[in-house]
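Here is coords-v3.cif, consisting of mmCIF, N, CA and C atoms and all ligand atoms:
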data_my_file
loop_
_atom_site.label_atom_id
_atom_site.label_comp_id
_atom_site.auth_asym_id
_atom_site.auth_seq_id
_atom_site.Cartn_x
_atom_site.Cartn_y
_atom_site.Cartn_z
N MET A 1 110.70 156.93 45.60
CA MET A 1 109.27 157.14 45.95
C MET A 1 108.99 156.57 47.34
N MET A 2 108.32 157.36 48.18
CA MET A 2 108.01 156.92 49.55
C MET A 2 106.72 156.13 49.58
N VAL A 3 106.66 155.10 50.40
CA VAL A 3 105.43 154.28 50.54
C VAL A 3 104.90 154.45 51.96
N THR A 4 103.73 155.02 52.07
CA THR A 4 103.11 155.19 53.39
C THR A 4 102.25 153.99 53.71
N ALA A 5 101.76 153.91 54.93
CA ALA A 5 100.98 152.75 55.39
C ALA A 5 99.69 152.58 54.59
N GLU A 6 99.04 153.71 54.23
CA GLU A 6 97.76 153.61 53.52
C GLU A 6 97.96 153.10 52.10
N GLN A 7 99.08 153.52 51.54
CA GLN A 7 99.31 153.17 50.14
C GLN A 7 99.72 151.71 49.97
N GLN A 8 100.33 151.16 50.99
CA GLN A 8 100.88 149.80 50.85
C GLN A 8 99.75 148.78 50.74
N THR A 9 99.85 147.91 49.80
CA THR A 9 98.85 146.85 49.64
C THR A 9 99.55 145.50 49.78
N TYR A 10 98.76 144.54 50.22
CA TYR A 10 99.31 143.19 50.40
C TYR A 10 98.72 142.27 49.34
N SER A 11 99.52 141.43 48.80
CA SER A 11 99.00 140.43 47.88
C SER A 11 98.35 139.32 48.71
N SER A 12 97.48 138.53 48.07
CA SER A 12 96.77 137.48 48.82
C SER A 12 97.74 136.46 49.40
N VAL A 13 98.84 136.20 48.68
CA VAL A 13 99.83 135.23 49.18
C VAL A 13 100.44 135.73 50.47
N GLN A 14 100.73 137.01 50.52
CA GLN A 14 101.32 137.60 51.73
C GLN A 14 100.36 137.46 52.92
N ILE A 15 99.07 137.73 52.66
CA ILE A 15 98.08 137.68 53.74
C ILE A 15 97.97 136.24 54.27
N ILE A 16 97.91 135.28 53.35
CA ILE A 16 97.82 133.86 53.77
C ILE A 16 99.04 133.49 54.60
N TRP A 17 100.19 133.90 54.17
CA TRP A 17 101.43 133.63 54.90
C TRP A 17 101.36 134.21 56.31
N PHE A 18 100.84 135.39 56.41
CA PHE A 18 100.72 136.06 57.72
C PHE A 18 99.81 135.26 58.66
N PHE A 19 98.71 134.73 58.10
CA PHE A 19 97.78 133.96 58.93
C PHE A 19 98.38 132.65 59.42
N PHE A 20 99.20 132.05 58.59
CA PHE A 20 99.74 130.75 58.94
C PHE A 20 100.96 130.83 59.84
N LEU A 21 101.55 131.99 59.85
CA LEU A 21 102.83 132.11 60.56
C LEU A 21 102.77 131.67 62.04
N PRO A 22 101.81 132.18 62.83
CA PRO A 22 101.80 131.76 64.24
C PRO A 22 101.59 130.25 64.41
N ASN A 23 100.73 129.68 63.57
CA ASN A 23 100.46 128.25 63.66
C ASN A 23 101.71 127.44 63.39
N LEU A 24 102.42 127.86 62.37
CA LEU A 24 103.65 127.15 62.01
C LEU A 24 104.65 127.25 63.15
N PHE A 25 104.70 128.41 63.73
CA PHE A 25 105.65 128.62 64.81
C PHE A 25 105.33 127.72 66.00
N ALA A 26 104.05 127.65 66.34
CA ALA A 26 103.61 126.80 67.45
C ALA A 26 103.96 125.34 67.17
N PHE A 27 103.73 124.96 65.93
CA PHE A 27 104.01 123.56 65.55
C PHE A 27 105.50 123.26 65.73
N ASN A 28 106.33 124.21 65.27
CA ASN A 28 107.77 124.01 65.40
C ASN A 28 108.19 123.92 66.85
N ARG A 29 107.61 124.79 67.66
CA ARG A 29 107.98 124.82 69.06
C ARG A 29 107.64 123.48 69.74
N ALA A 30 106.47 122.96 69.36
CA ALA A 30 106.07 121.67 69.92
C ALA A 30 107.03 120.57 69.49
N ASN A 31 107.56 120.71 68.29
CA ASN A 31 108.51 119.70 67.81
C ASN A 31 109.84 119.78 68.53
N ILE A 32 110.26 121.02 68.79
CA ILE A 32 111.57 121.19 69.44
C ILE A 32 111.49 120.75 70.90
N TYR A 33 110.40 121.14 71.57
CA TYR A 33 110.23 120.78 72.99
C TYR A 33 109.05 119.82 73.14
N PRO A 34 109.28 118.55 72.86
CA PRO A 34 108.14 117.62 72.92
C PRO A 34 107.53 117.49 74.31
N GLN A 35 108.31 117.79 75.36
CA GLN A 35 107.77 117.62 76.72
C GLN A 35 106.92 118.82 77.15
N ALA A 36 107.05 119.94 76.39
CA ALA A 36 106.42 121.18 76.82
C ALA A 36 104.94 121.01 77.14
N LYS A 37 104.22 120.29 76.29
CA LYS A 37 102.78 120.10 76.50
C LYS A 37 102.54 119.29 77.78
N PHE A 38 103.35 118.24 77.97
CA PHE A 38 103.13 117.34 79.08
C PHE A 38 103.43 118.01 80.42
N ARG A 39 104.40 118.90 80.41
CA ARG A 39 104.74 119.57 81.66
C ARG A 39 103.55 120.33 82.22
N VAL A 40 102.80 120.93 81.33
CA VAL A 40 101.62 121.68 81.76
C VAL A 40 100.58 120.71 82.31
N MET A 41 100.45 119.56 81.65
CA MET A 41 99.45 118.59 82.08
C MET A 41 99.78 117.98 83.43
N LEU A 42 101.08 117.77 83.69
CA LEU A 42 101.49 117.05 84.90
C LEU A 42 101.79 117.99 86.08
N LYS A 43 101.42 119.23 86.00
CA LYS A 43 101.71 120.15 87.08
C LYS A 43 101.00 119.68 88.36
N ARG A 44 101.76 119.53 89.44
CA ARG A 44 101.21 118.96 90.66
C ARG A 44 100.55 120.02 91.53
N GLU A 45 99.44 119.62 92.14
CA GLU A 45 98.79 120.51 93.11
C GLU A 45 99.24 120.05 94.49
N LYS A 46 100.33 120.62 94.96
CA LYS A 46 100.97 120.09 96.16
C LYS A 46 100.11 120.28 97.41
N LYS A 47 99.41 121.40 97.46
CA LYS A 47 98.58 121.68 98.64
C LYS A 47 97.49 120.62 98.78
N LEU A 48 96.85 120.32 97.65
CA LEU A 48 95.79 119.32 97.64
C LEU A 48 96.35 117.95 97.98
N GLU A 49 97.52 117.64 97.40
CA GLU A 49 98.18 116.36 97.67
C GLU A 49 98.41 116.18 99.16
N ARG A 50 98.89 117.23 99.80
CA ARG A 50 99.21 117.14 101.23
C ARG A 50 97.96 116.96 102.08
N GLU A 51 96.88 117.63 101.69
CA GLU A 51 95.61 117.45 102.43
C GLU A 51 95.17 116.00 102.36
N ILE A 52 95.22 115.43 101.15
CA ILE A 52 94.80 114.04 100.96
C ILE A 52 95.72 113.12 101.74
N ALA A 53 97.03 113.39 101.67
CA ALA A 53 98.01 112.57 102.38
C ALA A 53 97.73 112.56 103.88
N LEU A 54 97.45 113.74 104.44
CA LEU A 54 97.21 113.83 105.88
C LEU A 54 95.96 113.06 106.27
N SER A 55 94.90 113.16 105.45
CA SER A 55 93.67 112.42 105.78
C SER A 55 93.94 110.92 105.75
N ARG A 56 94.78 110.47 104.81
CA ARG A 56 95.08 109.03 104.73
C ARG A 56 95.94 108.58 105.89
N ILE A 57 96.89 109.42 106.28
CA ILE A 57 97.73 109.09 107.44
C ILE A 57 96.86 108.92 108.68
N GLU A 58 95.93 109.87 108.87
CA GLU A 58 95.04 109.80 110.03
C GLU A 58 94.24 108.50 110.03
N LYS A 59 93.73 108.15 108.85
CA LYS A 59 92.91 106.94 108.74
C LYS A 59 93.74 105.69 109.03
N LEU A 60 94.95 105.64 108.48
CA LEU A 60 95.80 104.46 108.66
C LEU A 60 96.20 104.28 110.12
N ILE A 61 96.55 105.36 110.79
CA ILE A 61 96.97 105.24 112.18
C ILE A 61 95.78 104.89 113.07
N GLU A 62 94.62 105.41 112.72
CA GLU A 62 93.39 105.04 113.44
C GLU A 62 93.14 103.54 113.32
N MET A 63 93.31 103.03 112.10
CA MET A 63 93.15 101.59 111.87
C MET A 63 94.15 100.79 112.69
N ALA A 64 95.40 101.26 112.71
CA ALA A 64 96.45 100.57 113.48
C ALA A 64 96.09 100.53 114.96
N GLU A 65 95.56 101.64 115.47
CA GLU A 65 95.17 101.70 116.88
C GLU A 65 94.04 100.71 117.18
N LYS A 66 93.11 100.60 116.24
CA LYS A 66 91.95 99.72 116.45
C LYS A 66 92.36 98.26 116.52
N MET A 67 93.28 97.86 115.64
CA MET A 67 93.54 96.41 115.50
C MET A 67 94.81 95.97 116.21
N LYS A 68 95.42 96.82 117.03
CA LYS A 68 96.72 96.44 117.57
C LYS A 68 96.67 95.26 118.54
N PHE A 69 95.49 94.98 119.10
CA PHE A 69 95.40 93.82 120.00
C PHE A 69 95.01 92.55 119.26
N GLU A 70 94.45 92.68 118.08
CA GLU A 70 94.07 91.49 117.29
C GLU A 70 95.21 91.06 116.37
N ASP A 71 95.74 92.01 115.61
CA ASP A 71 96.79 91.69 114.64
C ASP A 71 97.89 92.74 114.73
N TYR A 72 98.93 92.39 115.51
CA TYR A 72 99.98 93.38 115.76
C TYR A 72 100.80 93.64 114.49
N GLU A 73 101.03 92.60 113.69
CA GLU A 73 101.83 92.76 112.47
C GLU A 73 101.13 93.69 111.47
N LEU A 74 99.82 93.49 111.33
CA LEU A 74 99.06 94.30 110.37
C LEU A 74 99.01 95.76 110.82
N SER A 75 98.89 95.97 112.13
CA SER A 75 98.87 97.35 112.61
C SER A 75 100.23 98.02 112.40
N LYS A 76 101.31 97.23 112.49
CA LYS A 76 102.63 97.77 112.18
C LYS A 76 102.71 98.16 110.70
N ARG A 77 102.14 97.33 109.86
CA ARG A 77 102.13 97.60 108.42
C ARG A 77 101.39 98.91 108.12
N CYS A 78 100.27 99.12 108.82
CA CYS A 78 99.51 100.38 108.65
C CYS A 78 100.38 101.58 108.99
N VAL A 79 101.11 101.48 110.10
CA VAL A 79 101.97 102.59 110.51
C VAL A 79 103.08 102.81 109.48
N THR A 80 103.63 101.70 108.97
CA THR A 80 104.71 101.80 107.97
C THR A 80 104.22 102.55 106.73
N ILE A 81 103.03 102.19 106.28
CA ILE A 81 102.47 102.85 105.08
C ILE A 81 102.22 104.32 105.36
N ALA A 82 101.66 104.60 106.54
CA ALA A 82 101.38 106.00 106.91
C ALA A 82 102.67 106.82 106.91
N ARG A 83 103.74 106.23 107.43
CA ARG A 83 105.03 106.94 107.48
C ARG A 83 105.60 107.16 106.08
N LYS A 84 105.43 106.15 105.23
CA LYS A 84 105.91 106.27 103.85
C LYS A 84 105.18 107.41 103.14
N ILE A 85 103.87 107.48 103.34
CA ILE A 85 103.07 108.56 102.73
C ILE A 85 103.56 109.90 103.25
N ALA A 86 103.79 109.96 104.55
CA ALA A 86 104.25 111.21 105.16
C ALA A 86 105.57 111.67 104.58
N MET A 87 106.47 110.71 104.32
CA MET A 87 107.78 111.07 103.79
C MET A 87 107.69 111.48 102.33
N LYS A 88 106.88 110.76 101.58
CA LYS A 88 106.78 111.07 100.14
C LYS A 88 106.18 112.45 99.90
N TYR A 89 105.12 112.78 100.65
CA TYR A 89 104.45 114.06 100.43
C TYR A 89 104.87 115.12 101.44
N ARG A 90 105.90 114.81 102.23
CA ARG A 90 106.49 115.75 103.17
C ARG A 90 105.46 116.36 104.11
N VAL A 91 104.68 115.46 104.70
CA VAL A 91 103.68 115.86 105.68
C VAL A 91 104.18 115.44 107.06
N ARG A 92 104.03 116.32 108.03
CA ARG A 92 104.43 115.99 109.39
C ARG A 92 103.29 115.20 110.05
N ILE A 93 103.61 114.07 110.65
CA ILE A 93 102.58 113.30 111.37
C ILE A 93 102.26 114.06 112.65
N PRO A 94 100.98 114.38 112.91
CA PRO A 94 100.64 115.15 114.11
C PRO A 94 101.10 114.47 115.39
N LYS A 95 101.42 115.28 116.39
CA LYS A 95 102.02 114.77 117.64
C LYS A 95 101.12 113.73 118.32
N GLU A 96 99.81 113.99 118.31
CA GLU A 96 98.90 113.09 119.02
C GLU A 96 98.75 111.74 118.30
N LEU A 97 99.19 111.67 117.06
CA LEU A 97 99.12 110.40 116.33
C LEU A 97 100.43 109.62 116.37
N ARG A 98 101.45 110.21 117.01
CA ARG A 98 102.78 109.59 116.98
C ARG A 98 102.97 108.63 118.15
N ASN A 99 101.99 107.79 118.43
CA ASN A 99 102.19 106.83 119.53
C ASN A 99 102.57 105.46 118.98
N PHE A 100 103.70 105.46 118.28
CA PHE A 100 104.30 104.21 117.81
C PHE A 100 105.81 104.35 117.95
N CYS A 101 106.50 103.21 117.98
CA CYS A 101 107.96 103.26 118.14
C CYS A 101 108.60 103.83 116.87
N LYS A 102 109.53 104.74 117.09
CA LYS A 102 110.20 105.41 115.98
C LYS A 102 111.09 104.46 115.18
N LYS A 103 111.62 103.45 115.90
CA LYS A 103 112.60 102.58 115.26
C LYS A 103 111.97 101.37 114.58
N CYS A 104 111.10 100.64 115.31
CA CYS A 104 110.55 99.42 114.73
C CYS A 104 109.13 99.62 114.21
N LEU A 105 108.54 100.77 114.46
CA LEU A 105 107.22 101.19 113.94
C LEU A 105 106.04 100.37 114.46
N TYR A 106 106.27 99.58 115.51
CA TYR A 106 105.12 98.91 116.14
C TYR A 106 104.38 99.94 116.97
N PRO A 107 103.04 99.97 116.92
CA PRO A 107 102.32 100.90 117.80
C PRO A 107 102.53 100.52 119.27
N TYR A 108 102.55 101.52 120.14
CA TYR A 108 102.77 101.24 121.56
C TYR A 108 101.57 100.49 122.13
N ARG A 109 101.87 99.44 122.88
CA ARG A 109 100.84 98.61 123.49
C ARG A 109 101.27 98.34 124.92
N HIS A 110 100.33 98.36 125.85
CA HIS A 110 100.74 98.32 127.25
C HIS A 110 101.63 97.13 127.60
N ASP A 111 101.46 95.98 126.90
CA ASP A 111 102.28 94.82 127.25
C ASP A 111 103.58 94.76 126.46
N ARG A 112 103.78 95.67 125.52
CA ARG A 112 105.02 95.69 124.74
C ARG A 112 105.80 96.99 124.95
N MET A 113 105.57 97.65 126.07
CA MET A 113 106.30 98.90 126.35
C MET A 113 106.46 99.05 127.85
N ARG A 114 107.38 99.92 128.24
CA ARG A 114 107.56 100.24 129.66
C ARG A 114 107.60 101.75 129.80
N VAL A 115 106.84 102.27 130.77
CA VAL A 115 106.80 103.71 130.98
C VAL A 115 107.27 104.00 132.39
N ARG A 116 108.28 104.84 132.51
CA ARG A 116 108.79 105.24 133.81
C ARG A 116 109.00 106.75 133.80
N VAL A 117 108.98 107.33 134.99
CA VAL A 117 109.31 108.75 135.11
C VAL A 117 110.64 108.84 135.84
N ARG A 118 111.59 109.50 135.21
CA ARG A 118 112.93 109.60 135.81
C ARG A 118 113.55 110.95 135.42
N LYS A 119 114.05 111.65 136.41
CA LYS A 119 114.71 112.95 136.21
C LYS A 119 113.87 113.91 135.36
N ASN A 120 112.64 114.11 135.78
CA ASN A 120 111.71 115.00 135.08
C ASN A 120 111.46 114.62 133.61
N ARG A 121 111.59 113.35 133.35
CA ARG A 121 111.35 112.88 131.99
C ARG A 121 110.50 111.63 132.01
N VAL A 122 109.62 111.50 131.02
CA VAL A 122 108.89 110.26 130.84
C VAL A 122 109.73 109.39 129.91
N VAL A 123 110.12 108.21 130.42
CA VAL A 123 110.98 107.33 129.62
C VAL A 123 110.13 106.18 129.11
N ILE A 124 109.97 106.11 127.80
CA ILE A 124 109.18 105.04 127.19
C ILE A 124 110.14 104.07 126.51
N THR A 125 110.13 102.83 126.97
CA THR A 125 111.00 101.82 126.38
C THR A 125 110.16 100.86 125.55
N CYS A 126 110.55 100.67 124.30
CA CYS A 126 109.87 99.71 123.43
C CYS A 126 110.46 98.33 123.71
N LEU A 127 109.61 97.36 124.05
CA LEU A 127 110.12 96.03 124.37
C LEU A 127 110.25 95.14 123.14
N ASN A 128 109.88 95.66 121.97
CA ASN A 128 110.11 94.90 120.73
C ASN A 128 111.55 95.06 120.27
N CYS A 129 112.05 96.30 120.33
CA CYS A 129 113.38 96.57 119.80
C CYS A 129 114.31 97.20 120.82
N GLY A 130 113.77 97.70 121.94
CA GLY A 130 114.60 98.28 122.97
C GLY A 130 114.88 99.76 122.81
N TYR A 131 114.21 100.40 121.87
CA TYR A 131 114.41 101.83 121.67
C TYR A 131 113.84 102.62 122.85
N VAL A 132 114.58 103.60 123.32
CA VAL A 132 114.16 104.39 124.48
C VAL A 132 113.80 105.79 124.00
N LYS A 133 112.59 106.20 124.34
CA LYS A 133 112.13 107.55 123.98
C LYS A 133 111.98 108.34 125.27
N ARG A 134 112.57 109.52 125.31
CA ARG A 134 112.50 110.34 126.52
C ARG A 134 111.74 111.64 126.20
N VAL A 135 110.66 111.84 126.94
CA VAL A 135 109.85 113.04 126.73
C VAL A 135 109.99 113.92 127.97
N PRO A 136 110.56 115.11 127.85
CA PRO A 136 110.71 115.98 129.03
C PRO A 136 109.34 116.47 129.53
N LEU A 137 109.22 116.53 130.86
CA LEU A 137 107.98 117.04 131.45
C LEU A 137 108.03 118.58 131.45
N LYS A 138 106.87 119.19 131.23
CA LYS A 138 106.83 120.65 131.24
C LYS A 138 106.97 121.17 132.67
N LYS A 139 107.67 122.25 132.82
CA LYS A 139 107.84 122.86 134.13
C LYS A 139 106.57 123.61 134.53
N GLY A 140 106.28 123.58 135.87
CA GLY A 140 105.14 124.31 136.39
C GLY A 140 103.84 123.56 136.35
ZN ZN G 201 110.60 99.58 118.88
#
Give the structure from the file, written as structure tokens.
Ligand SMILES: [Zn+2]
Amino acid sequence: MMVTAEQQTYSSVQIIWFFFLPNLFAFNRANIYPQAKFRVMLKREKKLEREIALSRIEKLIEMAEKMKFEDYELSKRCVTIARKIAMKYRVRIPKELRNFCKKCLYPYRHDRMRVRVRKNRVVITCLNCGYVKRVPLKKG
């Protein structure tokens, strides 16, 4: 005897089973992959992170520039933190904010640096650590 779709009937137990099936499945999945829920929660907004990081870097370097004649150590600390933030969130420090020594991270100060022009290059020597930075002059 053939059973068509209209003729087929479901018992109440079958219907209840059908309703519970997806829930049970979800529960099992959560048990197998306990981190699955957390991964969704911890999804990082990298674009937003970088915007915040850049604003903080700008603020820290501004602070370092302000206090470099009063507290040179503290201004170095500001630059160090700014650089750490830049590395962690992979943000490039803007060129106009990069007026500190690459090696010792002290901000450039007229009495702790030497600037000379030699062979079409600006040679900046840091007198704290002796690091030499050479910036080529643009032609024309
Ligand atoms: Zn230096």
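Among the candidates A:Lys133, A:Arg118, A:Ile124, A:Lys103, the one nearest to ligand ZN 201 (chain G) when counting all atoms listed in the file is A:Lys103.
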* Asked: Of the residues A:Glu65, A:His110, A:Asn120, A:Leu54, which is the one nearest to Pro136 (chain A), using only N, CA and C atoms?
  ->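 The answer is A:Asn120, which sits nearest to Pro136 (chain A).
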Determine, for each residue of chain A having at least one atom at most 6.5 Å from an atom of ligand ZN 201 (chain G), the closest pair of atoms and their separation in Å to one decimal, counting only N, CA and C atoms and all ligand atoms; order by chain and ascending number, as JSON lines.
{"residue": "A:Cys101", "atom": "CA", "partner": "G:ZN201", "partner_atom": "ZN", "distance": 4.6}
{"residue": "A:Lys102", "atom": "N", "partner": "G:ZN201", "partner_atom": "ZN", "distance": 5.6}
{"residue": "A:Lys103", "atom": "C", "partner": "G:ZN201", "partner_atom": "ZN", "distance": 4.9}
{"residue": "A:Cys104", "atom": "N", "partner": "G:ZN201", "partner_atom": "ZN", "distance": 3.8}
{"residue": "A:Leu105", "atom": "N", "partner": "G:ZN201", "partner_atom": "ZN", "distance": 5.0}
{"residue": "A:Tyr106", "atom": "N", "partner": "G:ZN201", "partner_atom": "ZN", "distance": 5.5}
{"residue": "A:Cys126", "atom": "CA", "partner": "G:ZN201", "partner_atom": "ZN", "distance": 4.6}
{"residue": "A:Leu127", "atom": "N", "partner": "G:ZN201", "partner_atom": "ZN", "distance": 5.7}
{"residue": "A:Asn128", "atom": "C", "partner": "G:ZN201", "partner_atom": "ZN", "distance": 4.8}
{"residue": "A:Cys129", "atom": "N", "partner": "G:ZN201", "partner_atom": "ZN", "distance": 3.9}
{"residue": "A:Gly130", "atom": "N", "partner": "G:ZN201", "partner_atom": "ZN", "distance": 4.8}
{"residue": "A:Tyr131", "atom": "N", "partner": "G:ZN201", "partner_atom": "ZN", "distance": 4.8}
* **Of the listed residues A:Tyr89, A:Ile81, A:Lys76, A:Met67, that which approaches Glu49 (chain A) most closely, counting all atoms listed in the file** =>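 Ranking A:Tyr89, A:Ile81, A:Lys76, A:Met67 by distance to Glu49 (chain A), first place goes to A:Tyr89.
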* Asked: To one decimal place, how far is atom C of Met113 (chain A) from CA of Thr125 (chain A) in Å?
  -> 5.5 Å
* Asked: Can you list every residue in region 60-133 of chain A that DSSP puts in helix (DSSP H, G or I), as an MDAnalysis selection string?
  -> chainID A and resid 60:67 72:88 95:97 110:112
* To do: Enter the distance from atom C of Pro94 (chain A) to CA of Lys43 (chain A), in Å, rounded to one decimal.
  => 28.9 Å
* Proximity to Lys68 (chain A) - best of A:Arg98, A:Lys46, A:Arg109, A:Arg114, all atoms listed in the file ->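 Of the candidates, the smallest distance to Lys68 (chain A) is held by A:Arg109.
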* Asked: Quick one: of A:Met63, A:Ile85, A:Leu97, A:Val135, who's nearest to Val115 (chain A), counting only C-alpha atoms?
  -> A:Val135
Please define a box with edges along x, y and z of the file around all atoms of region 79-92 of chain A given in the file, extend it by 5 Å on each side, and return its centre and edge lengths in Å to one decimal, as lines of an AutoDock Vina configuration file.
center_x = 104.4
center_y = 108.9
center_z = 105.2
size_x = 16.7
size_y = 24.9
size_z = 20.6
* Please, what distance in Å, to one decimal, runs between CA of Ala53 (chain A) and CA of Ala86 (chain A)? -> 7.0 Å
